[in-house]
file query23.txt (compact mmCIF, C-alpha atoms)
# COMPACT_ATOMS: atom_id res chain seq x y z
CA MET F 19 26.41 80.30 160.32
CA THR F 20 25.07 77.60 158.08
CA THR F 21 25.44 79.81 155.05
CA GLN F 22 29.22 79.69 155.30
CA GLU F 23 30.83 77.92 152.37
CA GLY F 24 31.32 74.40 153.52
CA GLY F 25 33.75 71.86 152.28
CA PHE F 26 32.08 68.52 152.33
CA LEU F 27 28.57 69.09 153.58
CA GLN F 28 25.82 69.48 151.06
CA ARG F 29 24.00 72.39 152.60
CA SER F 30 20.67 73.98 152.05
CA PRO F 31 18.67 76.38 154.15
CA HIS F 32 15.84 73.94 153.85
CA PRO F 33 15.48 70.43 152.54
CA SER F 34 15.45 70.56 148.79
CA SER F 35 14.03 67.32 147.51
CA LEU F 36 10.46 66.30 147.98
CA TYR F 37 11.67 63.13 149.60
CA ASP F 38 13.44 65.15 152.28
CA VAL F 39 10.45 67.39 152.76
CA LEU F 40 8.19 64.42 153.29
CA ASP F 41 10.69 62.85 155.61
CA LEU F 42 11.08 66.05 157.55
CA ILE F 43 7.56 67.24 158.08
CA LEU F 44 4.91 64.79 157.06
CA ASP F 45 4.68 62.91 160.32
CA LYS F 46 6.15 65.59 162.55
CA GLY F 47 4.75 68.44 164.53
CA LEU F 48 2.33 68.79 167.38
CA VAL F 49 -0.91 66.93 166.76
CA ILE F 50 -4.24 68.44 167.66
CA ASP F 51 -6.38 65.35 167.86
CA LEU F 52 -9.23 65.10 165.38
CA TYR F 53 -7.99 68.03 163.37
CA VAL F 54 -5.30 66.57 161.19
CA ARG F 55 -6.85 66.26 157.78
CA VAL F 56 -4.29 65.08 155.34
CA SER F 57 -5.10 63.14 152.28
CA LEU F 58 -2.27 60.73 151.73
CA VAL F 59 -3.28 59.05 148.53
CA GLY F 60 -0.42 56.88 147.41
CA ILE F 61 2.12 58.07 149.91
CA GLU F 62 1.54 55.47 152.56
CA LEU F 63 2.40 52.58 150.30
CA LEU F 64 5.51 54.24 149.02
CA THR F 65 6.79 55.15 152.43
CA ILE F 66 6.39 51.62 153.63
CA ASP F 67 7.92 50.35 150.43
CA ALA F 68 10.95 52.56 150.92
CA ARG F 69 11.42 51.33 154.45
CA ILE F 70 11.13 47.61 153.99
CA VAL F 71 13.22 47.43 150.88
CA ILE F 72 16.40 47.20 152.94
CA ALA F 73 16.02 43.49 153.60
CA SER F 74 14.57 42.36 150.32
CA VAL F 75 15.95 40.04 147.67
CA ASP F 76 15.76 42.98 145.33
CA THR F 77 18.20 44.88 147.52
CA TYR F 78 20.54 41.90 147.66
CA LEU F 79 20.58 41.66 143.89
CA ARG F 80 21.25 45.38 143.58
CA PHE F 81 24.08 45.16 146.11
CA ALA F 82 25.55 42.20 144.26
CA GLU F 83 25.41 44.17 141.05
CA ALA F 84 27.07 47.11 142.75
CA VAL F 85 30.05 45.09 144.01
CA ASN F 86 30.36 43.38 140.65
CA ARG F 87 30.43 46.71 138.89
CA LEU F 88 33.47 47.76 140.90
CA ASP F 89 36.45 47.45 138.66
CA LEU F 90 39.01 46.37 141.20
CA ALA F 91 40.89 44.16 138.76
CA GLU F 92 41.52 46.96 136.32
CA THR F 93 43.17 49.30 138.75
CA GLY F 94 46.55 47.84 137.89
CA GLY F 95 47.19 46.11 141.16
CA LYS F 96 46.65 49.17 143.29
CA ASP F 97 45.42 48.36 146.70
CA LEU F 98 42.06 49.54 147.72
CA PRO F 99 42.75 52.67 149.74
CA GLU F 100 44.77 53.96 146.82
CA PHE F 101 42.04 53.00 144.45
CA ILE F 102 39.46 54.80 146.53
CA GLU F 103 41.69 57.82 146.67
CA ASP F 104 41.91 57.79 142.88
CA LEU F 105 38.19 57.60 142.59
CA ASN F 106 37.96 60.57 144.90
CA GLN F 107 40.17 62.66 142.77
CA GLY F 108 38.49 61.49 139.64
CA GLY F 109 35.32 62.92 141.07
CA GLY F 110 32.77 60.30 141.97
CA ARG F 111 30.07 62.91 142.02
CA GLY F 112 26.88 61.77 140.44
CA LYS F 113 27.92 58.16 140.72
CA THR F 114 25.61 57.51 143.56
CA LYS F 115 22.54 56.61 141.67
CA GLY F 116 20.15 53.84 142.18
CA ALA F 117 17.87 53.01 145.01
CA LEU F 118 17.76 56.46 146.52
CA GLU F 119 16.84 58.13 143.31
CA GLY F 120 14.49 55.26 142.61
CA ALA F 121 12.58 55.94 145.77
CA LYS F 122 12.48 59.65 145.12
CA ASP F 123 11.27 59.13 141.61
CA SER F 124 8.49 56.93 142.83
CA ILE F 125 7.33 59.57 145.19
CA LYS F 126 7.56 62.21 142.53
CA ASP F 127 5.49 59.99 140.30
CA VAL F 128 2.74 59.96 142.84
CA PHE F 129 2.81 63.69 143.01
CA SER F 130 2.59 63.96 139.30
CA GLY F 131 -0.86 62.51 139.62
CA ASP F 132 -0.93 59.18 137.79
CA ASP F 133 -1.71 56.14 139.75
CA ASP F 134 -1.70 52.58 138.56
CA ASP F 135 1.38 52.73 136.39
CA ASP F 136 3.33 54.37 139.12
CA LYS F 137 2.36 51.84 141.69
CA GLU F 138 3.71 49.18 139.39
CA LYS F 139 6.97 51.03 139.08
CA ALA F 140 7.17 51.67 142.79
CA ALA F 141 6.64 48.10 143.83
CA PRO F 142 9.77 46.03 144.19
CA ARG F 143 10.54 44.43 140.88
CA ARG F 144 9.64 40.82 140.81
CA ARG F 145 12.23 38.49 139.49
CA SER F 146 11.27 35.82 137.07
CA ARG F 147 10.76 32.52 138.74
CA SER F 148 12.26 30.59 135.88
CA SER F 149 15.22 29.50 137.96
CA SER F 150 13.17 28.37 140.92
CA SER F 151 13.84 24.73 140.23
CA LYS F 152 17.34 25.15 141.57
CA ASP F 153 18.12 24.59 145.19
CA ASP F 154 18.76 27.61 147.31
CA ASP F 155 22.30 26.65 148.07
CA GLY F 156 23.15 26.29 144.48
CA MET I 6 -15.47 84.57 141.60
CA SER I 7 -15.24 83.43 138.03
CA GLY I 8 -14.75 79.72 137.66
CA GLY I 9 -16.46 78.95 140.96
CA SER I 10 -17.64 75.44 141.62
CA GLY I 11 -21.22 74.89 140.56
CA SER I 12 -22.61 74.28 144.02
CA GLY I 13 -21.69 77.57 145.67
CA PRO I 14 -18.47 78.47 147.49
CA PRO I 15 -17.06 75.75 149.76
CA ALA I 16 -17.17 76.40 153.47
CA THR I 17 -14.07 78.00 154.93
CA ALA I 18 -12.00 76.57 157.76
CA THR I 19 -8.84 77.65 159.56
CA TYR I 20 -5.53 76.03 158.75
CA VAL I 21 -3.03 76.20 161.61
CA TYR I 22 0.74 76.26 161.06
CA GLY I 23 2.11 76.74 164.53
CA VAL I 24 2.04 78.64 167.78
CA VAL I 25 4.34 81.39 169.05
CA ARG I 26 4.38 83.64 172.08
CA ALA I 27 2.23 86.71 171.49
CA SER I 28 5.17 88.88 172.55
CA GLU I 29 7.22 87.48 169.67
CA ALA I 30 4.45 87.14 167.10
CA PRO I 31 6.14 87.61 163.74
CA LYS I 32 4.69 89.48 160.82
CA ILE I 33 4.47 86.86 158.11
CA ASP I 34 4.18 87.75 154.49
CA ALA I 35 3.23 84.56 152.72
CA VAL I 36 0.57 82.76 150.76
CA GLY I 37 -1.15 80.08 152.78
CA VAL I 38 -1.80 76.41 152.11
CA GLY I 39 -4.22 76.17 149.22
CA GLY I 40 -2.49 79.06 147.49
CA GLU I 41 -5.33 81.56 147.68
CA THR I 42 -5.18 83.27 151.04
CA ARG I 43 -2.67 85.23 153.08
CA VAL I 44 -1.21 84.06 156.35
CA ARG I 45 -2.60 85.82 159.42
CA SER I 46 -2.78 85.17 163.16
CA VAL I 47 -5.23 84.35 165.93
CA ALA I 48 -4.21 85.63 169.35
CA ASP I 49 -5.38 84.71 172.81
CA GLY I 50 -3.64 85.84 175.97
CA GLU I 51 0.06 85.13 175.71
CA LEU I 52 -0.18 82.82 172.72
CA THR I 53 -0.62 83.45 169.03
CA ALA I 54 -1.52 80.89 166.40
CA ILE I 55 -0.29 81.38 162.85
CA VAL I 56 -3.15 80.52 160.52
CA SER I 57 -4.76 81.03 157.15
CA ASP I 58 -8.16 80.34 155.63
CA VAL I 59 -8.62 77.13 153.68
CA ASP I 60 -11.51 75.32 152.11
CA GLU I 61 -13.04 72.86 154.50
CA GLY I 62 -12.00 69.27 153.96
CA PHE I 63 -8.80 67.39 153.54
CA VAL I 64 -5.48 68.92 152.63
CA GLU I 65 -3.63 66.93 150.05
CA ALA I 66 0.00 66.30 150.88
CA GLY I 67 1.18 67.77 147.61
CA ARG I 68 4.44 69.42 146.77
CA GLU I 69 3.20 73.00 146.75
CA ASP I 70 1.25 72.91 149.97
CA LEU I 71 4.00 71.08 151.81
CA ALA I 72 6.35 73.82 150.67
CA ARG I 73 3.93 76.56 151.78
CA HIS I 74 3.52 74.96 155.18
CA MET I 75 7.28 74.85 155.62
CA ALA I 76 7.87 78.34 154.29
CA VAL I 77 5.44 79.89 156.76
CA LEU I 78 7.02 78.09 159.71
CA GLU I 79 10.50 78.95 158.56
CA GLN I 80 9.59 82.60 158.29
CA ALA I 81 8.14 82.49 161.79
CA ALA I 82 11.24 80.77 163.13
CA LEU I 83 13.46 83.58 161.88
CA SER I 84 12.37 85.83 164.70
CA ALA I 85 10.35 83.71 167.11
CA THR I 86 10.37 80.39 168.87
CA VAL I 87 7.68 78.39 167.21
CA VAL I 88 5.84 75.16 167.99
CA PRO I 89 5.12 73.64 164.58
CA LEU I 90 1.86 71.79 164.16
CA ARG I 91 1.43 68.68 162.06
CA PHE I 92 0.96 69.36 158.36
CA GLY I 93 -2.74 69.39 157.56
CA THR I 94 -4.10 70.71 160.84
CA VAL I 95 -7.48 72.21 159.91
CA MET I 96 -9.87 73.54 162.55
CA PRO I 97 -13.47 74.59 161.86
CA ASP I 98 -12.89 78.30 162.53
CA ASP I 99 -10.87 80.84 164.52
CA GLY I 100 -13.06 80.22 167.56
CA ALA I 101 -11.99 76.59 167.62
CA VAL I 102 -8.35 77.63 167.35
CA THR I 103 -8.78 79.82 170.42
CA ALA I 104 -10.82 77.38 172.45
CA GLU I 105 -9.34 74.03 171.52
CA LEU I 106 -5.76 74.93 170.85
CA LEU I 107 -4.65 78.18 172.49
CA ARG I 108 -6.75 77.75 175.63
CA ALA I 109 -7.18 74.01 175.97
CA ARG I 110 -3.48 73.37 175.50
CA ALA I 111 -2.06 76.59 176.91
CA GLY I 112 -0.03 74.83 179.59
CA GLU I 113 1.57 72.35 177.23
CA LEU I 114 2.29 75.06 174.65
CA ASP I 115 3.87 77.27 177.26
CA GLU I 116 6.12 74.43 178.41
CA LEU I 117 7.15 73.62 174.87
CA LEU I 118 7.89 77.24 174.04
CA SER I 119 10.07 77.54 177.13
CA ALA I 120 11.93 74.33 176.37
CA LEU I 121 12.51 75.34 172.77
CA ASP I 122 13.37 78.94 173.55
CA GLY I 123 16.19 80.15 171.32
CA ARG I 124 16.67 76.73 169.77
CA VAL I 125 16.43 75.51 166.22
CA GLU I 126 16.51 72.18 164.47
CA LEU I 127 19.30 71.01 162.22
CA SER I 128 18.75 68.04 160.05
CA LEU I 129 21.62 65.83 159.00
CA SER I 130 21.30 62.80 156.80
CA GLY I 131 23.95 60.65 155.25
CA THR I 132 24.01 58.28 152.31
CA TYR I 133 26.79 55.89 151.44
CA ASP I 134 28.57 56.57 148.22
CA GLU I 135 28.84 53.64 145.86
CA ARG I 136 32.49 53.43 146.79
CA ILE I 137 31.38 51.93 150.08
CA PHE I 138 31.05 48.65 148.21
CA GLY I 139 34.80 48.76 147.59
CA GLU I 140 35.33 48.93 151.33
CA VAL I 141 33.09 45.95 151.82
CA VAL I 142 34.93 43.86 149.23
CA ALA I 143 38.26 44.78 150.77
CA GLU I 144 37.20 43.97 154.30
CA GLN I 145 35.21 40.80 153.72
CA PRO I 146 37.12 37.90 152.15
CA GLU I 147 33.92 35.95 151.68
CA VAL I 148 32.40 38.80 149.71
CA ALA I 149 35.53 39.10 147.59
CA ALA I 150 35.52 35.38 146.85
CA LEU I 151 31.87 35.22 145.99
CA ARG I 152 32.28 38.27 143.82
CA GLU I 153 34.98 36.53 141.83
CA ARG I 154 32.70 33.58 141.37
CA VAL I 155 29.77 35.43 139.89
CA ARG I 156 31.46 38.22 138.02
CA GLY I 157 30.96 38.09 134.30
CA ARG I 158 28.88 34.91 134.51
CA ASP I 159 25.39 34.42 133.24
CA GLU I 160 22.85 36.19 135.45
CA ASN I 161 20.44 33.31 135.64
CA ALA I 162 23.11 30.75 136.42
CA THR I 163 24.39 32.83 139.33
CA TYR I 164 21.05 33.98 140.67
CA TYR I 165 21.37 32.41 144.11
CA ASP I 166 25.04 33.22 144.43
CA ARG I 167 24.22 36.82 143.71
CA ILE I 168 21.53 36.85 146.35
CA ARG I 169 23.99 35.37 148.84
CA LEU I 170 26.57 37.94 147.82
CA GLY I 171 24.13 40.78 148.21
CA GLU I 172 23.00 39.45 151.56
CA LEU I 173 26.58 39.42 152.84
CA VAL I 174 27.05 42.95 151.56
CA ALA I 175 23.85 44.06 153.24
CA LYS I 176 25.03 42.55 156.50
CA ALA I 177 28.38 44.28 156.26
CA MET I 178 26.67 47.56 155.45
CA ALA I 179 24.38 47.23 158.46
CA ALA I 180 27.42 46.90 160.70
CA LYS I 181 29.03 49.88 159.04
CA ARG I 182 25.86 51.88 159.38
CA GLN I 183 25.75 51.23 163.08
CA ARG I 184 29.40 52.16 163.58
CA ASP I 185 29.18 55.28 161.47
CA THR I 186 25.97 56.45 163.11
CA GLU I 187 27.51 56.03 166.55
CA GLN I 188 30.55 57.98 165.50
CA VAL I 189 28.55 60.88 164.08
CA LEU I 190 26.31 61.05 167.13
CA GLU I 191 29.25 60.86 169.50
CA ARG I 192 30.68 63.99 167.89
CA LEU I 193 27.47 66.00 167.58
CA ARG I 194 25.33 64.97 170.52
CA PRO I 195 27.29 66.99 173.10
CA LEU I 196 26.52 70.16 171.16
CA ALA I 197 22.77 69.57 171.00
CA ASP I 198 20.07 69.78 173.64
CA ASP I 199 18.21 66.90 172.10
CA VAL I 200 18.64 64.46 169.27
CA HIS I 201 16.11 62.51 167.32
CA VAL I 202 17.38 59.68 165.16
CA GLY I 203 14.92 58.68 162.48
CA ASP I 204 14.47 55.41 160.69
CA VAL I 205 16.81 54.65 157.88
CA ALA I 206 14.87 55.51 154.79
CA HIS I 207 16.52 53.39 152.13
CA GLU I 208 19.17 50.79 151.59
CA ARG I 209 22.17 53.07 151.36
CA SER I 210 21.15 55.48 154.12
CA VAL I 211 23.59 55.85 156.93
CA LEU I 212 21.51 57.93 159.26
CA SER I 213 18.85 60.56 159.37
CA ALA I 214 19.00 62.67 162.48
CA ALA I 215 17.54 65.90 163.81
CA PHE I 216 19.39 67.97 166.37
CA LEU I 217 17.92 70.62 168.64
CA VAL I 218 20.60 73.26 168.97
CA HIS I 219 20.70 76.59 170.72
CA ARG I 220 21.34 79.46 168.34
CA ASP I 221 24.43 80.41 170.32
CA ARG I 222 25.96 77.06 169.54
CA LEU I 223 25.16 77.03 165.84
CA PRO I 224 28.63 78.00 164.65
CA GLU I 225 30.20 75.33 166.81
CA PHE I 226 27.71 72.71 165.68
CA ASP I 227 28.27 73.74 162.13
CA ARG I 228 32.00 73.23 162.37
CA ALA I 229 31.54 69.84 163.98
CA ALA I 230 29.15 68.73 161.24
CA GLU I 231 31.63 69.90 158.65
CA GLU I 232 34.37 67.96 160.39
CA VAL I 233 32.29 64.79 160.37
CA ALA I 234 31.60 65.22 156.67
CA ALA I 235 35.26 65.82 155.91
CA GLN I 236 36.31 62.70 157.78
CA ASN I 237 33.93 60.63 155.72
CA ARG I 238 34.29 62.44 152.43
CA SER I 239 35.17 59.40 150.36
CA ARG I 240 32.32 57.28 151.63
CA ILE I 241 29.33 59.23 152.91
CA ARG I 242 27.49 62.11 151.35
CA PHE I 243 25.92 64.27 154.01
CA ARG I 244 23.00 66.58 153.52
CA TYR I 245 22.55 69.29 156.06
CA ALA I 246 19.53 71.51 156.40
CA GLY I 247 18.73 74.30 158.79
CA PRO I 248 18.23 76.21 160.90
CA LEU I 249 14.69 74.85 160.83
CA PRO I 250 11.65 75.06 163.07
CA PRO I 251 11.88 72.27 165.66
CA TYR I 252 9.65 69.82 163.79
CA ASP I 253 11.09 66.83 165.63
CA PHE I 254 10.96 68.20 169.13
CA VAL I 255 7.35 69.01 169.86
CA GLY I 256 6.22 65.55 170.87
CA GLY I 257 4.60 64.63 167.59
CA LYS I 258 3.41 61.09 167.65
CA ALA I 259 4.40 58.56 165.05
CA GLY I 260 2.88 59.09 161.65
CA PRO I 261 -0.51 57.84 160.64
CA TRP I 262 1.16 54.72 159.27
CA GLY I 263 3.28 54.06 162.28
call {"tool": "encode", "arguments": {"input": "query23.txt", "output": "structure tokens"}}
result
Amino acid sequence: MTTQEGGFLQRSPHPSSLYDVLDLILDKGLVIDLYVRVSLVGIELLTIDARIVIASVDTYLRFAEAVNRLDLAETGGKDLPEFIEDLNQGGGRGKTKGALEGAKDSIKDVFSGDDDDDKEKAAPRRRSRSSSSKDDDG
Amino acid sequence: MSGGSGSGPPATATYVYGVVRASEAPKIDAVGVGGETRVRSVADGELTAIVSDVDEGFVEAGREDLARHMAVLEQAALSATVVPLRFGTVMPDDGAVTAELLRARAGELDELLSALDGRVELSLSGTYDERIFGEVVAEQPEVAALRERVRGRDENATYYDRIRLGELVAKAMAAKRQRDTEQVLERLRPLADDVHVGDVAHERSVLSAAFLVHRDRLPEFDRAAEEVAAQNRSRIRFRYAGPLPPYDFVGGKAGPWG
């Protein structure tokens, strides 16, 4: 069954990261009114933070950085499918870092018990406003 | 008893994990939420609640107790159909479990247990690999052009161009996300009795979905999931968990924050 050695699925009998656990069970399950007594210190903010971040300027800047990091020019004129294939074979494992891990780390931070510092870290980074005198369309 | 809190022992309450049919009631060997008591059961008529003693008050949603909650339900699900309760369900005592859960909601529980009979949950979530950005550049001339304009230039000087670039990328990714989600669901939905698609949790998520699948169809579902992952191997990393108790299919309401 699901224990069979798979090719491309990352399998686990149960969700492994805390982020997955939270996602899987925290707001699931039959509710017996009045009797759910969960203390959610810190989690609420982070969950919301993780969900709204998709449309933020911070995301845009991260995406821009990600496409700029791609080294298309240095692939020696290969076209993209080929380039992607190369990357595949070169093993892109562990390359996918960034926002996902960021969110997980934030949640882990909360669980590690500190508060104020972690909230700072978890909040979307604020960009300096030093360039705000420019017009939006450049 | 050593190291007790100064003001006497705290009052005890009953933590409830889930409900099974009495005829299937599993023997569970596990430490309960709070880490100090063993898991036991409270039976009434044809239903059995899986419970343990906890200190009265609020349960903190911490790593260890979340894991204990899950472990108990997973053990139960090995041999029984189980209705999982929301994490942190604490009732005053066993009497309340009998009266306000097993009796008061007997009809609903019976219906759920019948609907879930022999079925388990499989959780599948996908995240775009960074290589997805290569796809976007290749497919979107405007992205490619803007990328050329800002690459290697001073960050402050290109601030707004970079935002525009990122916005275009985000838009392209949203379209991809929708297409890819549809494709995955198209392949897997026919093998499931029910599907629950969750919110996308972060900016590179593709989907997060829970499937209710009959045990008999697990091998088939498994192969299909593997096929989907293979087709997308250069672009999406899939995580697959299960078989799990049917957390998503017991009519839980939205979370406390919506």
call {"tool": "residues_around", "arguments": {"input": "query23.txt", "residues": "Asp198 in chain I", "least_positions_apart": "4", "cutoff": "9 Å", "atoms": "only C-alpha atoms", "output": "compact mmCIF listing (two decimals) with C-alpha atoms, in the coordinates of the input"}}
result
# COMPACT_ATOMS: atom_id res chain seq x y z
CA ARG I 124 16.67 76.73 169.77
CA ARG I 194 25.33 64.97 170.52
CA PHE I 216 19.39 67.97 166.37
CA LEU I 217 17.92 70.62 168.64
CA VAL I 218 20.60 73.26 168.97
CA HIS I 219 20.70 76.59 170.72
call {"tool": "closest_residue", "arguments": {"input": "query23.txt", "among": "F:Asp89, F:Leu44, F:Ala82, F:Asp76", "to": "Glu65 in chain I", "atoms": "only C-alpha atoms"}}
result
F:Leu44
call {"tool": "residues_around", "arguments": {"input": "query23.txt", "residues": "Glu61 in chain I", "least_positions_apart": "3", "cutoff": "7 Å", "atoms": "only C-alpha atoms", "output": "ChimeraX atom specification"}}
result
/I:15-18
call {"tool": "residues_around", "arguments": {"input": "query23.txt", "residues": "Ala35 in chain I", "least_positions_apart": "2", "cutoff": "7 Å", "atoms": "only C-alpha atoms", "output": "list of chain:residue names"}}
result
I:Ile33, I:Gly37, I:Arg43, I:Val44, I:Val77
call {"tool": "interface_residues", "arguments": {"input": "query23.txt", "of": "chain I", "to": "chain F", "cutoff": "7 Å", "atoms": "only C-alpha atoms", "output": "ChimeraX atom specification"}}
result
/I:63-68,89-96,134-135,138-139,143,152,156,161,165,167-168,170-172,174-175,206-208,223-224,227,231,234-235,238-239,243-248,252-253,255-257,259-260,262
call {"tool": "atom_distance", "arguments": {"input": "query23.txt", "atom1": "CA of Thr186 in chain I", "atom2": "CA of Asn237 in chain I"}}
result
11.6 Å
call {"tool": "residues_near_point", "arguments": {"input": "query23.txt", "point": "(16.9, 81.3, 171.7)", "cutoff": "9 Å", "atoms": "only C-alpha atoms", "output": "list in words"}}
result
Ala85, Thr86, Leu121, Asp122, Gly123, Arg124, Val125, His219, Arg220 and Asp221 of chain I
call {"tool": "atom_distance", "arguments": {"input": "query23.txt", "atom1": "CA of Leu117 in chain I", "atom2": "CA of Val25 in chain I"}}
result
10.1 Å
call {"tool": "closest_residue", "arguments": {"input": "query23.txt", "among": "I:Val59, I:Arg169, I:Leu114, I:Pro251", "to": "Val155 in chain I", "atoms": "all atoms listed in the file"}}
result
I:Arg169
call {"tool": "atom_distance", "arguments": {"input": "query23.txt", "atom1": "CA of Gln236 in chain I", "atom2": "CA of Val141 in chain I"}}
result
18.1 Å
call {"tool": "axis_aligned_box", "arguments": {"input": "query23.txt", "around": "range 119-138 of chain I", "padding_each_side": "6 Å", "output": "JSON"}}
result
{"center_x": 21.3, "center_y": 64.4, "center_z": 161.5, "size_x": 34.4, "size_y": 43.5, "size_z": 43.3}
call {"tool": "residues_around", "arguments": {"input": "query23.txt", "residues": "Thr132 in chain I", "least_positions_apart": "5", "cutoff": "6 Å", "atoms": "only C-alpha atoms", "output": "PyMOL selection string"}}
result
chain I and resi 209-211+241-242
